[in-house]
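The file start_38.tsv comes next; it holds TSV, N, CA and C atoms and all ligand atoms.
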chain	number	residue	atom	x	y	z
A	21	MET	N	68.09	96.40	96.24
A	21	MET	CA	68.75	97.69	96.48
A	21	MET	C	68.93	98.45	95.16
A	22	GLU	N	68.68	99.72	95.21
A	22	GLU	CA	68.78	100.54	94.02
A	22	GLU	C	70.24	100.71	93.60
A	23	LYS	N	70.48	100.65	92.30
A	23	LYS	CA	71.84	100.81	91.82
A	23	LYS	C	72.28	102.27	91.93
A	24	GLN	N	73.50	102.45	92.45
A	24	GLN	CA	74.03	103.80	92.60
A	24	GLN	C	75.47	103.81	92.12
A	25	THR	N	75.86	104.86	91.43
A	25	THR	CA	77.24	105.00	90.96
A	25	THR	C	77.88	106.18	91.65
A	26	CYS	N	79.14	106.00	92.03
A	26	CYS	CA	79.87	107.06	92.72
A	26	CYS	C	79.97	108.31	91.86
A	27	SER	N	79.84	109.48	92.49
A	27	SER	CA	79.90	110.73	91.73
A	27	SER	C	81.33	111.10	91.36
A	28	ARG	N	82.33	110.39	91.91
A	28	ARG	CA	83.72	110.72	91.60
A	28	ARG	C	84.42	109.65	90.76
A	29	CYS	N	84.07	108.40	90.98
A	29	CYS	CA	84.70	107.33	90.21
A	29	CYS	C	83.60	106.48	89.58
A	30	LEU	N	83.98	105.34	89.04
A	30	LEU	CA	83.00	104.53	88.32
A	30	LEU	C	82.50	103.35	89.14
A	31	ASN	N	82.87	103.34	90.42
A	31	ASN	CA	82.36	102.26	91.26
A	31	ASN	C	80.86	102.40	91.45
A	32	ASP	N	80.19	101.27	91.45
A	32	ASP	CA	78.76	101.31	91.76
A	32	ASP	C	78.43	100.24	92.79
A	33	THR	N	77.18	100.06	93.04
A	33	THR	CA	76.75	99.19	94.14
A	33	THR	C	77.07	97.71	93.91
A	34	ARG	N	77.61	97.37	92.74
A	34	ARG	CA	78.02	95.98	92.50
A	34	ARG	C	79.33	95.66	93.19
A	35	VAL	N	80.09	96.70	93.59
A	35	VAL	CA	81.38	96.48	94.25
A	35	VAL	C	81.13	95.97	95.67
A	36	PRO	N	81.71	94.81	96.02
A	36	PRO	CA	81.47	94.24	97.34
A	36	PRO	C	81.94	95.18	98.46
A	37	GLY	N	81.11	95.35	99.46
A	37	GLY	CA	81.48	96.12	100.64
A	37	GLY	C	81.45	97.62	100.47
A	38	ILE	N	81.03	98.09	99.29
A	38	ILE	CA	81.03	99.52	99.03
A	38	ILE	C	79.82	100.18	99.70
A	39	SER	N	80.00	101.45	100.05
A	39	SER	CA	78.86	102.21	100.57
A	39	SER	C	78.96	103.63	100.05
A	40	PHE	N	77.85	104.33	100.08
A	40	PHE	CA	77.82	105.70	99.55
A	40	PHE	C	77.33	106.65	100.63
A	41	ASP	N	77.94	107.84	100.66
A	41	ASP	CA	77.50	108.82	101.64
A	41	ASP	C	76.44	109.74	101.04
A	42	ALA	N	76.08	110.76	101.79
A	42	ALA	CA	74.99	111.64	101.37
A	42	ALA	C	75.30	112.39	100.08
A	43	GLU	N	76.58	112.56	99.77
A	43	GLU	CA	76.98	113.26	98.54
A	43	GLU	C	77.11	112.32	97.35
A	44	GLY	N	76.85	111.04	97.57
A	44	GLY	CA	76.95	110.08	96.49
A	44	GLY	C	78.38	109.67	96.19
A	45	VAL	N	79.26	109.87	97.17
A	45	VAL	CA	80.67	109.49	97.02
A	45	VAL	C	80.87	108.16	97.72
A	46	CYS	N	81.59	107.24	97.03
A	46	CYS	CA	81.73	105.90	97.57
A	46	CYS	C	82.77	105.84	98.68
A	47	SER	N	82.73	104.75	99.44
A	47	SER	CA	83.63	104.60	100.57
A	47	SER	C	85.09	104.49	100.13
A	48	ILE	N	85.32	104.02	98.90
A	48	ILE	CA	86.69	103.89	98.39
A	48	ILE	C	87.29	105.27	98.14
A	49	CYS	N	86.51	106.18	97.57
A	49	CYS	CA	86.97	107.55	97.35
A	49	CYS	C	87.25	108.24	98.68
A	50	ARG	N	86.40	108.00	99.65
A	50	ARG	CA	86.60	108.60	100.97
A	50	ARG	C	87.90	108.10	101.59
A	51	GLU	N	88.17	106.82	101.41
A	51	GLU	CA	89.40	106.24	101.92
A	51	GLU	C	90.60	106.89	101.23
A	52	PHE	N	90.48	107.12	99.93
A	52	PHE	CA	91.55	107.74	99.16
A	52	PHE	C	91.81	109.17	99.65
A	53	GLU	N	90.74	109.87	100.03
A	53	GLU	CA	90.90	111.23	100.56
A	53	GLU	C	91.76	111.23	101.80
A	54	LYS	N	91.56	110.23	102.65
A	54	LYS	CA	92.37	110.14	103.86
A	54	LYS	C	93.84	109.97	103.50
A	55	TRP	N	94.09	109.17	102.45
A	55	TRP	CA	95.47	108.97	102.00
A	55	TRP	C	96.05	110.28	101.49
A	56	GLN	N	95.25	111.03	100.75
A	56	GLN	CA	95.75	112.30	100.21
A	56	GLN	C	96.14	113.26	101.32
A	57	GLU	N	95.38	113.26	102.42
A	57	GLU	CA	95.75	114.10	103.56
A	57	GLU	C	97.11	113.70	104.09
A	58	ASN	N	97.33	112.39	104.10
A	58	ASN	CA	98.61	111.89	104.60
A	58	ASN	C	99.77	112.23	103.68
A	59	LEU	N	99.46	112.51	102.41
A	59	LEU	CA	100.53	112.84	101.46
A	59	LEU	C	101.26	114.13	101.86
A	60	ASN	N	100.59	114.96	102.63
A	60	ASN	CA	101.23	116.19	103.10
A	60	ASN	C	102.15	115.93	104.28
A	61	ASP	N	102.06	114.73	104.82
A	61	ASP	CA	102.85	114.38	105.99
A	61	ASP	C	103.77	113.23	105.59
A	62	TYR	N	104.95	113.58	105.12
A	62	TYR	CA	105.81	112.57	104.52
A	62	TYR	C	106.28	111.53	105.52
A	63	ASP	N	106.49	111.96	106.75
A	63	ASP	CA	106.92	110.99	107.76
A	63	ASP	C	105.85	109.92	107.97
A	64	ALA	N	104.60	110.38	108.07
A	64	ALA	CA	103.50	109.44	108.27
A	64	ALA	C	103.37	108.52	107.05
A	65	LEU	N	103.53	109.10	105.86
A	65	LEU	CA	103.41	108.32	104.64
A	65	LEU	C	104.49	107.25	104.56
A	66	GLU	N	105.70	107.65	104.93
A	66	GLU	CA	106.80	106.69	104.90
A	66	GLU	C	106.54	105.53	105.86
A	67	ARG	N	106.05	105.88	107.05
A	67	ARG	CA	105.74	104.83	108.02
A	67	ARG	C	104.68	103.89	107.48
A	68	LEU	N	103.65	104.46	106.81
A	68	LEU	CA	102.60	103.63	106.23
A	68	LEU	C	103.17	102.69	105.18
A	69	TRP	N	104.06	103.22	104.34
A	69	TRP	CA	104.66	102.40	103.30
A	69	TRP	C	105.51	101.28	103.89
A	70	LEU	N	106.31	101.64	104.88
A	70	LEU	CA	107.16	100.63	105.50
A	70	LEU	C	106.32	99.54	106.15
A	71	LYS	N	105.20	99.97	106.75
A	71	LYS	CA	104.31	99.00	107.37
A	71	LYS	C	103.72	98.07	106.31
A	72	ARG	N	103.31	98.67	105.19
A	72	ARG	CA	102.76	97.87	104.09
A	72	ARG	C	103.78	96.86	103.57
A	73	LEU	N	105.02	97.34	103.41
A	73	LEU	CA	106.07	96.44	102.93
A	73	LEU	C	106.27	95.29	103.91
A	74	ASP	N	106.25	95.63	105.20
A	74	ASP	CA	106.40	94.58	106.20
A	74	ASP	C	105.26	93.57	106.11
A	75	ASP	N	104.04	94.08	105.93
A	75	ASP	CA	102.89	93.20	105.80
A	75	ASP	C	103.06	92.26	104.62
A	76	CYS	N	103.52	92.80	103.48
A	76	CYS	CA	103.72	92.00	102.29
A	76	CYS	C	104.78	90.94	102.51
A	77	ARG	N	105.86	91.36	103.15
A	77	ARG	CA	106.95	90.42	103.40
A	77	ARG	C	106.49	89.28	104.32
A	78	GLY	N	105.65	89.65	105.30
A	78	GLY	CA	105.19	88.66	106.26
A	78	GLY	C	104.31	87.60	105.61
A	79	LYS	N	103.51	88.03	104.61
A	79	LYS	CA	102.59	87.09	103.99
A	79	LYS	C	103.25	86.28	102.87
A	80	GLY	N	104.05	86.99	102.05
A	80	GLY	CA	104.55	86.36	100.82
A	80	GLY	C	105.81	85.54	101.02
A	81	LYS	N	106.53	85.39	99.90
A	81	LYS	CA	107.73	84.57	99.93
A	81	LYS	C	108.91	85.32	100.52
B	101	ZN	ZN	84.18	106.52	94.24

Kindly transcribe the structure held in the file into structure tokens.
Amino acid sequence: MEKQTCSRCLNDTRVPGISFDAEGVCSICREFEKWQENLNDYDALERLWLKRLDDCRGKGK
């Protein structure tokens, strides 16, 4: 597979599970964009954070 580097960050095809779209933007940046959209919705963001905290608590000590 040809080596490709993300046009927005420094991730390239060596990152496990990464993929690139037609614009050369990696899947991680696309995921981050979704988060940024949620930043405008504080209620949704808070719920996401609380869920993450719960997940951490469930796994850890
Ligand atoms: Zn990227």

Could you list, as a short mmCIF file (atom, residue, chain, number, x, y, z; two decimals) with N, CA and C atoms, in the coordinates of the input, all protein and nucleic acid residues with an atom at most 5 Å from ligand ZN 101 (chain B), counting only N, CA and C atoms and all ligand atoms?
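Generated output (selection-v6.cif):
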data_model
loop_
_atom_site.label_atom_id
_atom_site.label_comp_id
_atom_site.auth_asym_id
_atom_site.auth_seq_id
_atom_site.Cartn_x
_atom_site.Cartn_y
_atom_site.Cartn_z
N CYS A 26 79.14 106.00 92.03
CA CYS A 26 79.87 107.06 92.72
C CYS A 26 79.97 108.31 91.86
N ARG A 28 82.33 110.39 91.91
CA ARG A 28 83.72 110.72 91.60
C ARG A 28 84.42 109.65 90.76
N CYS A 29 84.07 108.40 90.98
CA CYS A 29 84.70 107.33 90.21
C CYS A 29 83.60 106.48 89.58
N CYS A 46 81.59 107.24 97.03
CA CYS A 46 81.73 105.90 97.57
C CYS A 46 82.77 105.84 98.68
N CYS A 49 86.51 106.18 97.57
CA CYS A 49 86.97 107.55 97.35
C CYS A 49 87.25 108.24 98.68
#

Requested in this report: May I ask which of the residues A:Glu22, A:Asp32, A:Asp63, A:Glu57 is the closest one to Val45 in chain A, counting only C-alpha atoms?
Outcome: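 Of the candidates, the smallest distance to Val45 in chain A is held by A:Asp32.
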
Could you pull out all residues of chain A with a DSSP call of alpha helix (DSSP H) and give them as a compact mmCIF listing (two decimals) with N, CA and C atoms, in the coordinates of the input?
# COMPACT_ATOMS: atom_id res chain seq x y z
N SER A 47 82.73 104.75 99.44
CA SER A 47 83.63 104.60 100.57
C SER A 47 85.09 104.49 100.13
N ILE A 48 85.32 104.02 98.90
CA ILE A 48 86.69 103.89 98.39
C ILE A 48 87.29 105.27 98.14
N CYS A 49 86.51 106.18 97.57
CA CYS A 49 86.97 107.55 97.35
C CYS A 49 87.25 108.24 98.68
N ARG A 50 86.40 108.00 99.65
CA ARG A 50 86.60 108.60 100.97
C ARG A 50 87.90 108.10 101.59
N GLU A 51 88.17 106.82 101.41
CA GLU A 51 89.40 106.24 101.92
C GLU A 51 90.60 106.89 101.23
N PHE A 52 90.48 107.12 99.93
CA PHE A 52 91.55 107.74 99.16
C PHE A 52 91.81 109.17 99.65
N GLU A 53 90.74 109.87 100.03
CA GLU A 53 90.90 111.23 100.56
C GLU A 53 91.76 111.23 101.80
N LYS A 54 91.56 110.23 102.65
CA LYS A 54 92.37 110.14 103.86
C LYS A 54 93.84 109.97 103.50
N TRP A 55 94.09 109.17 102.45
CA TRP A 55 95.47 108.97 102.00
C TRP A 55 96.05 110.28 101.49
N GLN A 56 95.25 111.03 100.75
CA GLN A 56 95.75 112.30 100.21
C GLN A 56 96.14 113.26 101.32
N GLU A 57 95.38 113.26 102.42
CA GLU A 57 95.75 114.10 103.56
C GLU A 57 97.11 113.70 104.09
N ASN A 58 97.33 112.39 104.10
CA ASN A 58 98.61 111.89 104.60
C ASN A 58 99.77 112.23 103.68
N LEU A 59 99.46 112.51 102.41
CA LEU A 59 100.53 112.84 101.46
C LEU A 59 101.26 114.13 101.86
N TYR A 62 104.95 113.58 105.12
CA TYR A 62 105.81 112.57 104.52
C TYR A 62 106.28 111.53 105.52
N ASP A 63 106.49 111.96 106.75
CA ASP A 63 106.92 110.99 107.76
C ASP A 63 105.85 109.92 107.97
N ALA A 64 104.60 110.38 108.07
CA ALA A 64 103.50 109.44 108.27
C ALA A 64 103.37 108.52 107.05
N LEU A 65 103.53 109.10 105.86
CA LEU A 65 103.41 108.32 104.64
C LEU A 65 104.49 107.25 104.56
N GLU A 66 105.70 107.65 104.93
CA GLU A 66 106.80 106.69 104.90
C GLU A 66 106.54 105.53 105.86
N ARG A 67 106.05 105.88 107.05
CA ARG A 67 105.74 104.83 108.02
C ARG A 67 104.68 103.89 107.48
N LEU A 68 103.65 104.46 106.81
CA LEU A 68 102.60 103.63 106.23
C LEU A 68 103.17 102.69 105.18
N TRP A 69 104.06 103.22 104.34
CA TRP A 69 104.66 102.40 103.30
C TRP A 69 105.51 101.28 103.89
N LEU A 70 106.31 101.64 104.88
CA LEU A 70 107.16 100.63 105.50
C LEU A 70 106.32 99.54 106.15
N LYS A 71 105.20 99.97 106.75
CA LYS A 71 104.31 99.00 107.37
C LYS A 71 103.72 98.07 106.31
N ARG A 72 103.31 98.67 105.19
CA ARG A 72 102.76 97.87 104.09
C ARG A 72 103.78 96.86 103.57
N LEU A 73 105.02 97.34 103.41
CA LEU A 73 106.07 96.44 102.93
C LEU A 73 106.27 95.29 103.91
N ASP A 74 106.25 95.63 105.20
CA ASP A 74 106.40 94.58 106.20
C ASP A 74 105.26 93.57 106.11
N ASP A 75 104.04 94.08 105.93
CA ASP A 75 102.89 93.20 105.80
C ASP A 75 103.06 92.26 104.62
N CYS A 76 103.52 92.80 103.48
CA CYS A 76 103.72 92.00 102.29
C CYS A 76 104.78 90.94 102.51
N ARG A 77 105.86 91.36 103.15
CA ARG A 77 106.95 90.42 103.40
C ARG A 77 106.49 89.28 104.32
N GLY A 78 105.65 89.65 105.30
CA GLY A 78 105.19 88.66 106.26
C GLY A 78 104.31 87.60 105.61
N LYS A 79 103.51 88.03 104.61
CA LYS A 79 102.59 87.09 103.99
C LYS A 79 103.25 86.28 102.87

Query raised in the report: Interatomic distance between atom N of Leu30 in chain A and CA of Ala64 in chain A?
Result: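 Atom-to-atom, atom N of Leu30 in chain A to CA of Ala64 in chain A, that is 27.7 Å.
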
Requested in this report: May I ask for the distance between atom C of Arg50 in chain A and atom C of Ile38 in chain A, given in Å to one decimal place?
Outcome: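 Between atom C of Arg50 in chain A and atom C of Ile38 in chain A the gap works out to 11.5 Å.
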
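Nearest to Ser39 in chain A of all the residues A:Glu66, A:Lys23, A:Lys54, A:Asp61 is A:Lys23, counting only C-alpha atoms.
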
Report summary line: Pairwise distance, atom C of Gly44 in chain A with CA of Ser27 in chain A, equals 4.8 Å

Filled-in N, CA, C and O atoms of range 21-35 of chain A, supplied as a PDB file, in the coordinates of the input:
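Printed below is out.pdb as written:
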ATOM      1  N   MET A  21      68.090  96.400  96.240  1.00  0.00           N
ATOM      2  CA  MET A  21      68.750  97.690  96.480  1.00  0.00           C
ATOM      3  C   MET A  21      68.930  98.450  95.160  1.00  0.00           C
ATOM      4  O   MET A  21      69.301  97.878  94.148  1.00  0.00           O
ATOM      5  N   GLU A  22      68.680  99.720  95.210  1.00  0.00           N
ATOM      6  CA  GLU A  22      68.780 100.540  94.020  1.00  0.00           C
ATOM      7  C   GLU A  22      70.240 100.710  93.600  1.00  0.00           C
ATOM      8  O   GLU A  22      71.112 100.891  94.438  1.00  0.00           O
ATOM      9  N   LYS A  23      70.480 100.650  92.300  1.00  0.00           N
ATOM     10  CA  LYS A  23      71.840 100.810  91.820  1.00  0.00           C
ATOM     11  C   LYS A  23      72.280 102.270  91.930  1.00  0.00           C
ATOM     12  O   LYS A  23      71.527 103.168  91.572  1.00  0.00           O
ATOM     13  N   GLN A  24      73.500 102.450  92.450  1.00  0.00           N
ATOM     14  CA  GLN A  24      74.030 103.800  92.600  1.00  0.00           C
ATOM     15  C   GLN A  24      75.470 103.810  92.120  1.00  0.00           C
ATOM     16  O   GLN A  24      76.216 102.866  92.350  1.00  0.00           O
ATOM     17  N   THR A  25      75.860 104.860  91.430  1.00  0.00           N
ATOM     18  CA  THR A  25      77.240 105.000  90.960  1.00  0.00           C
ATOM     19  C   THR A  25      77.880 106.180  91.650  1.00  0.00           C
ATOM     20  O   THR A  25      77.254 107.229  91.822  1.00  0.00           O
ATOM     21  N   CYS A  26      79.140 106.000  92.030  1.00  0.00           N
ATOM     22  CA  CYS A  26      79.870 107.060  92.720  1.00  0.00           C
ATOM     23  C   CYS A  26      79.970 108.310  91.860  1.00  0.00           C
ATOM     24  O   CYS A  26      80.161 108.225  90.642  1.00  0.00           O
ATOM     25  N   SER A  27      79.840 109.480  92.490  1.00  0.00           N
ATOM     26  CA  SER A  27      79.900 110.730  91.730  1.00  0.00           C
ATOM     27  C   SER A  27      81.330 111.100  91.360  1.00  0.00           C
ATOM     28  O   SER A  27      81.553 112.020  90.591  1.00  0.00           O
ATOM     29  N   ARG A  28      82.330 110.390  91.910  1.00  0.00           N
ATOM     30  CA  ARG A  28      83.720 110.720  91.600  1.00  0.00           C
ATOM     31  C   ARG A  28      84.420 109.650  90.760  1.00  0.00           C
ATOM     32  O   ARG A  28      85.310 109.955  89.983  1.00  0.00           O
ATOM     33  N   CYS A  29      84.070 108.400  90.980  1.00  0.00           N
ATOM     34  CA  CYS A  29      84.700 107.330  90.210  1.00  0.00           C
ATOM     35  C   CYS A  29      83.600 106.480  89.580  1.00  0.00           C
ATOM     36  O   CYS A  29      82.440 106.867  89.576  1.00  0.00           O
ATOM     37  N   LEU A  30      83.980 105.340  89.040  1.00  0.00           N
ATOM     38  CA  LEU A  30      83.000 104.530  88.320  1.00  0.00           C
ATOM     39  C   LEU A  30      82.500 103.350  89.140  1.00  0.00           C
ATOM     40  O   LEU A  30      81.803 102.492  88.634  1.00  0.00           O
ATOM     41  N   ASN A  31      82.870 103.340  90.420  1.00  0.00           N
ATOM     42  CA  ASN A  31      82.360 102.260  91.260  1.00  0.00           C
ATOM     43  C   ASN A  31      80.860 102.400  91.450  1.00  0.00           C
ATOM     44  O   ASN A  31      80.346 103.497  91.585  1.00  0.00           O
ATOM     45  N   ASP A  32      80.190 101.270  91.450  1.00  0.00           N
ATOM     46  CA  ASP A  32      78.760 101.310  91.760  1.00  0.00           C
ATOM     47  C   ASP A  32      78.430 100.240  92.790  1.00  0.00           C
ATOM     48  O   ASP A  32      79.335  99.607  93.339  1.00  0.00           O
ATOM     49  N   THR A  33      77.180 100.060  93.040  1.00  0.00           N
ATOM     50  CA  THR A  33      76.750  99.190  94.140  1.00  0.00           C
ATOM     51  C   THR A  33      77.070  97.710  93.910  1.00  0.00           C
ATOM     52  O   THR A  33      76.876  96.906  94.792  1.00  0.00           O
ATOM     53  N   ARG A  34      77.610  97.370  92.740  1.00  0.00           N
ATOM     54  CA  ARG A  34      78.020  95.980  92.500  1.00  0.00           C
ATOM     55  C   ARG A  34      79.330  95.660  93.190  1.00  0.00           C
ATOM     56  O   ARG A  34      79.704  94.496  93.314  1.00  0.00           O
ATOM     57  N   VAL A  35      80.090  96.700  93.590  1.00  0.00           N
ATOM     58  CA  VAL A  35      81.380  96.480  94.250  1.00  0.00           C
ATOM     59  C   VAL A  35      81.130  95.970  95.670  1.00  0.00           C
ATOM     60  O   VAL A  35      80.406  96.606  96.430  1.00  0.00           O
TER      61      VAL A  35
END
